[in-house]
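Shown next: coords_0.pdb, containing PDB, C-alpha atoms.
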```
MODEL        1
ATOM      1  CA  MET A   1       0.000   0.000   0.000
ATOM      2  CA  ASP A   2       1.113   3.567  -0.635
ATOM      3  CA  ASP A   3       2.671   5.303   2.363
ATOM      4  CA  PHE A   4       0.798   7.797   4.526
ATOM      5  CA  GLU A   5       2.355  10.873   2.888
ATOM      6  CA  THR A   6       1.173   9.667  -0.536
ATOM      7  CA  VAL A   7      -2.389   8.844   0.591
ATOM      8  CA  LEU A   8      -2.820  11.884   2.885
ATOM      9  CA  PRO A   9      -3.530  14.451   0.134
ATOM     10  CA  LYS A  10      -6.386  12.270  -1.192
ATOM     11  CA  LEU A  11      -7.857  11.729   2.283
ATOM     12  CA  ALA A  12      -7.647  15.442   3.045
ATOM     13  CA  ALA A  13      -9.203  16.401  -0.308
ATOM     14  CA  ILE A  14     -12.438  14.430  -0.068
ATOM     15  CA  PRO A  15     -15.453  16.097   1.545
ATOM     16  CA  LEU A  16     -15.797  13.280   4.097
ATOM     17  CA  PHE A  17     -12.627  14.502   5.832
ATOM     18  CA  ALA A  18     -12.771  18.175   4.771
ATOM     19  CA  ASP A  19     -13.023  19.393   8.376
ATOM     20  CA  PHE A  20      -9.571  18.007   9.160
ATOM     21  CA  ASP A  21      -6.678  20.430   8.739
ATOM     22  CA  ILE A  22      -3.448  18.584   7.941
ATOM     23  CA  LYS A  23      -1.508  21.527   9.394
ATOM     24  CA  LYS A  24      -2.968  20.811  12.840
ATOM     25  CA  GLU A  25      -1.202  18.076  14.767
ATOM     26  CA  ASP A  26      -4.379  16.596  16.313
ATOM     27  CA  ASP A  27      -6.170  16.435  12.958
ATOM     28  CA  LEU A  28      -3.119  14.918  11.277
ATOM     29  CA  LYS A  29      -2.985  12.256  14.000
ATOM     30  CA  ILE A  30      -6.644  11.361  13.384
ATOM     31  CA  LEU A  31      -6.050  11.052   9.634
ATOM     32  CA  LYS A  32      -3.015   8.868  10.369
ATOM     33  CA  ASN A  33      -5.320   6.634  12.453
ATOM     34  CA  VAL A  34      -7.716   6.451   9.483
ATOM     35  CA  TYR A  35      -4.804   5.539   7.207
ATOM     36  CA  GLU A  36      -3.941   2.642   9.523
ATOM     37  CA  ILE A  37      -7.354   1.000   8.971
ATOM     38  CA  ILE A  38      -7.695   1.461   5.196
ATOM     39  CA  SER A  39      -6.658  -0.748   2.308
ATOM     40  CA  ILE A  40      -6.103  -0.094  -1.377
ATOM     41  CA  LYS A  41      -8.325  -2.145  -3.676
ATOM     42  CA  LYS A  42      -7.815  -2.267  -7.443
ATOM     43  CA  PHE A  43     -10.520  -2.966 -10.026
ATOM     44  CA  LYS A  44     -10.380  -3.741 -13.739
ATOM     45  CA  LYS A  45     -12.514  -1.907 -16.283
ATOM     46  CA  GLY A  46     -16.049  -3.332 -16.163
ATOM     47  CA  GLU A  47     -15.631  -4.881 -12.710
ATOM     48  CA  VAL A  48     -18.464  -4.290 -10.234
ATOM     49  CA  ILE A  49     -17.247  -2.610  -7.052
ATOM     50  CA  ILE A  50     -20.623  -2.344  -5.295
ATOM     51  CA  LYS A  51     -23.772  -4.194  -6.371
ATOM     52  CA  GLU A  52     -27.224  -2.742  -5.685
ATOM     53  CA  GLY A  53     -29.149  -4.796  -3.140
ATOM     54  CA  GLU A  54     -26.121  -6.564  -1.684
ATOM     55  CA  TYR A  55     -24.781  -5.899   1.788
ATOM     56  CA  GLY A  56     -21.327  -4.470   2.228
ATOM     57  CA  ASP A  57     -19.122  -3.071   4.966
ATOM     58  CA  LEU A  58     -16.826  -0.940   2.822
ATOM     59  CA  CYS A  59     -16.872   2.727   1.909
ATOM     60  CA  TYR A  60     -14.682   3.527  -1.095
ATOM     61  CA  ILE A  61     -12.679   6.632  -1.939
ATOM     62  CA  LEU A  62     -11.844   6.788  -5.646
ATOM     63  CA  TYR A  63      -8.043   6.998  -5.640
ATOM     64  CA  SER A  64      -7.443   6.722  -9.399
ATOM     65  CA  GLY A  65      -9.553   5.998 -12.470
ATOM     66  CA  SER A  66     -13.280   6.395 -13.018
ATOM     67  CA  VAL A  67     -16.561   4.680 -12.141
ATOM     68  CA  ARG A  68     -20.184   4.673 -13.278
ATOM     69  CA  ILE A  69     -23.055   4.590 -10.786
ATOM     70  CA  THR A  70     -26.336   2.989 -11.857
ATOM     71  CA  ARG A  71     -29.500   1.749 -10.231
ATOM     72  CA  LYS A  72     -32.613  -0.137 -11.223
ATOM     73  CA  THR A  73     -35.994   1.522 -11.625
ATOM     74  CA  PRO A  74     -39.061  -0.161 -10.078
ATOM     75  CA  ALA A  75     -39.715  -1.599 -13.569
ATOM     76  CA  GLY A  76     -36.218  -3.144 -13.600
ATOM     77  CA  ASP A  77     -34.641  -0.776 -16.130
ATOM     78  CA  ILE A  78     -31.101   0.361 -15.380
ATOM     79  CA  ILE A  79     -30.496   4.095 -15.262
ATOM     80  CA  ALA A  80     -27.184   5.924 -14.988
ATOM     81  CA  LEU A  81     -26.919   8.208 -11.981
ATOM     82  CA  ALA A  82     -23.376   9.499 -12.364
ATOM     83  CA  ASN A  83     -19.982   9.097 -13.960
ATOM     84  CA  LEU A  84     -17.232   9.915 -11.486
ATOM     85  CA  ASP A  85     -13.517  10.488 -11.880
ATOM     86  CA  SER A  86     -10.817  10.382  -9.192
ATOM     87  CA  SER A  87      -9.935  14.029  -9.878
ATOM     88  CA  GLN A  88     -13.347  14.921  -8.389
ATOM     89  CA  ASN A  89     -12.237  13.653  -4.943
ATOM     90  CA  VAL A  90     -15.285  11.425  -4.570
ATOM     91  CA  PHE A  91     -16.314   8.517  -2.431
ATOM     92  CA  PHE A  92     -19.207   6.059  -2.524
ATOM     93  CA  GLY A  93     -20.752   3.423  -0.311
ATOM     94  CA  GLU A  94     -20.499   5.785   2.665
ATOM     95  CA  ASN A  95     -23.670   4.424   4.267
ATOM     96  CA  ALA A  96     -21.618   1.322   5.129
ATOM     97  CA  LEU A  97     -19.775   3.473   7.684
ATOM     98  CA  ILE A  98     -22.891   3.686   9.846
ATOM     99  CA  THR A  99     -25.325   0.958   8.787
ATOM    100  CA  ASN A 100     -25.480  -2.505   7.302
ATOM    101  CA  ASP A 101     -28.344  -1.730   4.898
ATOM    102  CA  PRO A 102     -28.353  -3.100   1.347
ATOM    103  CA  ARG A 103     -26.477  -1.038  -1.235
ATOM    104  CA  SER A 104     -28.706   1.501  -3.003
ATOM    105  CA  ALA A 105     -26.842   1.519  -6.332
ATOM    106  CA  THR A 106     -24.305  -0.370  -8.422
ATOM    107  CA  VAL A 107     -20.824   1.068  -8.923
ATOM    108  CA  THR A 108     -18.816  -0.272 -11.857
ATOM    109  CA  ALA A 109     -15.247   0.573 -12.829
ATOM    110  CA  SER A 110     -15.335   2.588 -16.091
ATOM    111  CA  SER A 111     -11.578   2.260 -16.356
ATOM    112  CA  GLU A 112      -8.922   0.451 -14.420
ATOM    113  CA  CYS A 113      -9.109   2.074 -11.008
ATOM    114  CA  SER A 114      -7.832   2.042  -7.451
ATOM    115  CA  THR A 115      -9.881   2.783  -4.376
ATOM    116  CA  ILE A 116      -9.161   3.429  -0.756
ATOM    117  CA  ALA A 117     -11.430   1.043   1.134
ATOM    118  CA  LEU A 118     -12.603   1.886   4.642
ATOM    119  CA  SER A 119     -14.416  -0.748   6.703
ATOM    120  CA  GLY A 120     -17.495   0.422   8.601
ATOM    121  CA  LYS A 121     -16.679  -1.838  11.549
ATOM    122  CA  LYS A 122     -13.116  -0.562  11.781
ATOM    123  CA  PHE A 123     -14.289   3.024  11.299
ATOM    124  CA  LEU A 124     -16.813   2.781  14.163
ATOM    125  CA  ALA A 125     -14.191   1.151  16.410
ATOM    126  CA  LEU A 126     -11.806   4.021  15.626
ATOM    127  CA  CYS A 127     -14.579   6.538  16.362
ATOM    128  CA  GLU A 128     -14.846   5.045  19.866
ATOM    129  CA  LYS A 129     -11.231   6.116  20.419
ATOM    130  CA  GLN A 130     -11.248   9.273  18.293
ATOM    131  CA  THR A 131     -14.631  10.835  19.034
ATOM    132  CA  VAL A 132     -13.785  13.965  17.025
ATOM    133  CA  LEU A 133     -13.512  11.751  13.934
ATOM    134  CA  GLY A 134     -16.905  10.214  14.576
ATOM    135  CA  PHE A 135     -18.560  13.551  15.281
ATOM    136  CA  ARG A 136     -17.202  15.305  12.191
ATOM    137  CA  VAL A 137     -17.779  12.475   9.734
ATOM    138  CA  ILE A 138     -21.227  11.514  11.056
ATOM    139  CA  LEU A 139     -22.252  15.192  10.987
ATOM    140  CA  TYR A 140     -21.125  15.409   7.356
ATOM    141  CA  LEU A 141     -23.071  12.247   6.471
ATOM    142  CA  ALA A 142     -26.174  13.474   8.314
ATOM    143  CA  LYS A 143     -26.110  16.775   6.405
ATOM    144  CA  GLY A 144     -25.856  14.864   3.138
ATOM    145  CA  MET A 145     -28.754  12.611   4.067
ATOM    146  CA  LEU A 146     -30.899  15.601   5.049
ATOM    147  CA  LYS A 147     -30.151  17.217   1.698
ATOM    148  CA  THR A 148     -31.212  14.024  -0.065
ATOM    149  CA  ILE A 149     -34.433  13.860   1.950
ATOM    150  CA  ARG A 150     -35.239  17.499   1.088
ATOM    151  CA  GLU A 151     -34.593  16.894  -2.610
ATOM    152  CA  THR A 152     -36.669  13.696  -2.550
ATOM    153  CA  ASN A 153     -39.555  15.506  -0.864
ATOM    154  CA  ASN A 154     -39.383  18.276  -3.480
ATOM    155  CA  ASP A 155     -39.344  15.677  -6.263
ATOM    156  CA  LYS A 156     -42.340  13.898  -4.728
ATOM    157  CA  ALA A 157     -44.272  17.166  -4.473
ATOM    158  CA  THR A 158     -43.498  17.970  -8.126
ATOM    159  CA  LEU A 159     -44.582  14.501  -9.260
ATOM    160  CA  TYR A 160     -47.731  14.652  -7.132
ATOM    161  CA  GLU A 161     -48.625  18.046  -8.589
ATOM    162  CA  ALA A 162     -48.027  16.824 -12.160
ATOM    163  CA  LEU A 163     -50.118  13.705 -11.537
ATOM    164  CA  PHE A 164     -52.887  15.756  -9.911
ATOM    165  CA  ASN A 165     -52.902  18.224 -12.831
ATOM    166  CA  GLU A 166     -52.965  15.328 -15.320
ATOM    167  CA  ILE A 167     -55.901  13.659 -13.546
ATOM    168  CA  GLU A 168     -57.718  16.952 -13.081
ATOM    169  CA  GLY A 169     -57.159  17.807 -16.752
ATOM    170  CA  ASN A 170     -58.684  14.493 -17.867
ATOM    171  CA  TYR A 171     -61.968  15.239 -16.064
ATOM    172  CA  GLU A 172     -62.524  18.777 -17.332
TER     173      GLU A 172
ENDMDL
END
```

Rewrite the structure from the file as structure tokens, please.
Amino acid sequence: MDDFETVLPKLAAIPLFADFDIKKEDDLKILKNVYEIISIKKFKKGEVIIKEGEYGDLCYILYSGSVRITRKTPAGDIIALANLDSSQNVFFGENALITNDPRSATVTASSECSTIALSGKKFLALCEKQTVLGFRVILYLAKGMLKTIRETNNDKATLYEALFNEIEGNYE
């Protein structure tokens, strides 16, 4: 695995750890603790990293390469949600850090890629020792989930209004 100094810029660049300042000794120590529980996983082009519906304990940080995120519609059609590149400092599968729910989407390597894999069990155990880590990361995840809930509620309201207008229009 790459050494800490090589991996540190990627850890510090992703939003999940954005509240950690690598110039502060305490924050650097916490990121070093995170480094000690991660692993580098490599994937070939076309290889599935996360499969929708399956359970998984790993959160992935895209270290190099690119991925495509898809999910199935209720009718079973596959739709593309995003194409991500490592230069975007992205991560996926973050729900595995706090829950053991089934995966909500499929992530497939669009090119040969490397990821930094972080186990949810190891992360939670580290948070017991480094409570600042747990607080900051869980707060970030909670804000993201609240944003998703707001957007989903807005989408539902828009769909409801369109359906209502369609039904109302058919009876006039």

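As for CA of Ile116 (chain A) and CA of Asn95 (chain A), they are spaced 15.4 Å apart.
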
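Shortest separation to Leu58 (chain A) among A:Thr99, A:Thr131, A:Asn154, A:Asn33 occurs at residue A:Thr99, atoms counted being all atoms listed in the file.
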
Would you compute, for all listed atoms of region 57-70 of chain A, the axis-aligned bounding box grown by 6 Å on each side, and then report its centre and edge lengths in Å rounded to one decimal, as AutoDock Vina command-line options?
```
--center_x -16.9 --center_y 2.0 --center_z -4.2 --size_x 30.9 --size_y 22.1 --size_z 30.2
```

Check: What's the 12 Å shell around Asp57 (chain A), counting all atoms listed in the file, without same-chain residues fewer than 6 positions away, as an MDAnalysis selection string?
Finding: chainID A and resid 50 92:103 117:124

With C-alpha atoms kept, could you save the residues just selected as a short mmCIF file (atom, residue, chain, number, x, y, z; two decimals), in the frame of the given file?
```
data_model
loop_
_atom_site.label_atom_id
_atom_site.label_comp_id
_atom_site.auth_asym_id
_atom_site.auth_seq_id
_atom_site.Cartn_x
_atom_site.Cartn_y
_atom_site.Cartn_z
CA ILE A 50 -20.62 -2.34 -5.30
CA PHE A 92 -19.21 6.06 -2.52
CA GLY A 93 -20.75 3.42 -0.31
CA GLU A 94 -20.50 5.78 2.66
CA ASN A 95 -23.67 4.42 4.27
CA ALA A 96 -21.62 1.32 5.13
CA LEU A 97 -19.77 3.47 7.68
CA ILE A 98 -22.89 3.69 9.85
CA THR A 99 -25.32 0.96 8.79
CA ASN A 100 -25.48 -2.50 7.30
CA ASP A 101 -28.34 -1.73 4.90
CA PRO A 102 -28.35 -3.10 1.35
CA ARG A 103 -26.48 -1.04 -1.24
CA ALA A 117 -11.43 1.04 1.13
CA LEU A 118 -12.60 1.89 4.64
CA SER A 119 -14.42 -0.75 6.70
CA GLY A 120 -17.50 0.42 8.60
CA LYS A 121 -16.68 -1.84 11.55
CA LYS A 122 -13.12 -0.56 11.78
CA PHE A 123 -14.29 3.02 11.30
CA LEU A 124 -16.81 2.78 14.16
#
```

Margin query: When you count only C-alpha atoms, which of these residues is closest to Pro15 (chain A): A:Gln88, A:Tyr160, A:Ala75, A:Glu36?
Written below: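 The closest residue to Pro15 (chain A) is A:Gln88.
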
Note to self: Given all atoms listed in the file as the basis, pick out the residue of A:Gly76, A:Asp27, A:Ala12, A:Asp2 nearest to Val132 (chain A).
What the structure shows: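 Distance minimum relative to Val132 (chain A) lands on A:Asp27.
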
Notebook entry, point to check: Just how far from CA of Glu52 (chain A) is CA of Val107 (chain A), in Å to one decimal?
Noted result: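 Answer for the CA of Val107 (chain A) to CA of Glu52 (chain A) separation: 8.1 Å.
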
Next item on the list: Run the PyMOL selection byres ((chain A and resi 22) around 12) mentally over the shown coordinates, then write out the matched residues as a ChimeraX atom specification, using the chain letters and numbers from the document.
Entry: /A:5,8-13,17-21,23-32

Next item on the list: In Å, rounded to a single decimal, give me how far CA of Val67 (chain A) is from CA of Ser110 (chain A).
Entry: 4.6 Å

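Ranking A:Leu16, A:Val48, A:Ile69, A:Ala105 by their shortest atom-to-atom distance to Arg136 (chain A), with all atoms listed in the file included, puts A:Leu16 first.
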
Check: Between A:Ile14, A:Leu81, A:Ala109, A:Val90, which one has atoms that come closest to Gly46 (chain A), using all atoms listed in the file?
Finding: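 Between A:Ile14, A:Leu81, A:Ala109, A:Val90, the residue approaching Gly46 (chain A) most closely is A:Ala109.
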
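The neighbours of Met1 (chain A) here are the residues that come within 10 Å of it, using all atoms listed in the file and leaving out any residue fewer than 5 positions away in the same chain; they are Thr6, Val7, Ile38, Ser39, Ile40, Lys41 and Ile116 of chain A.
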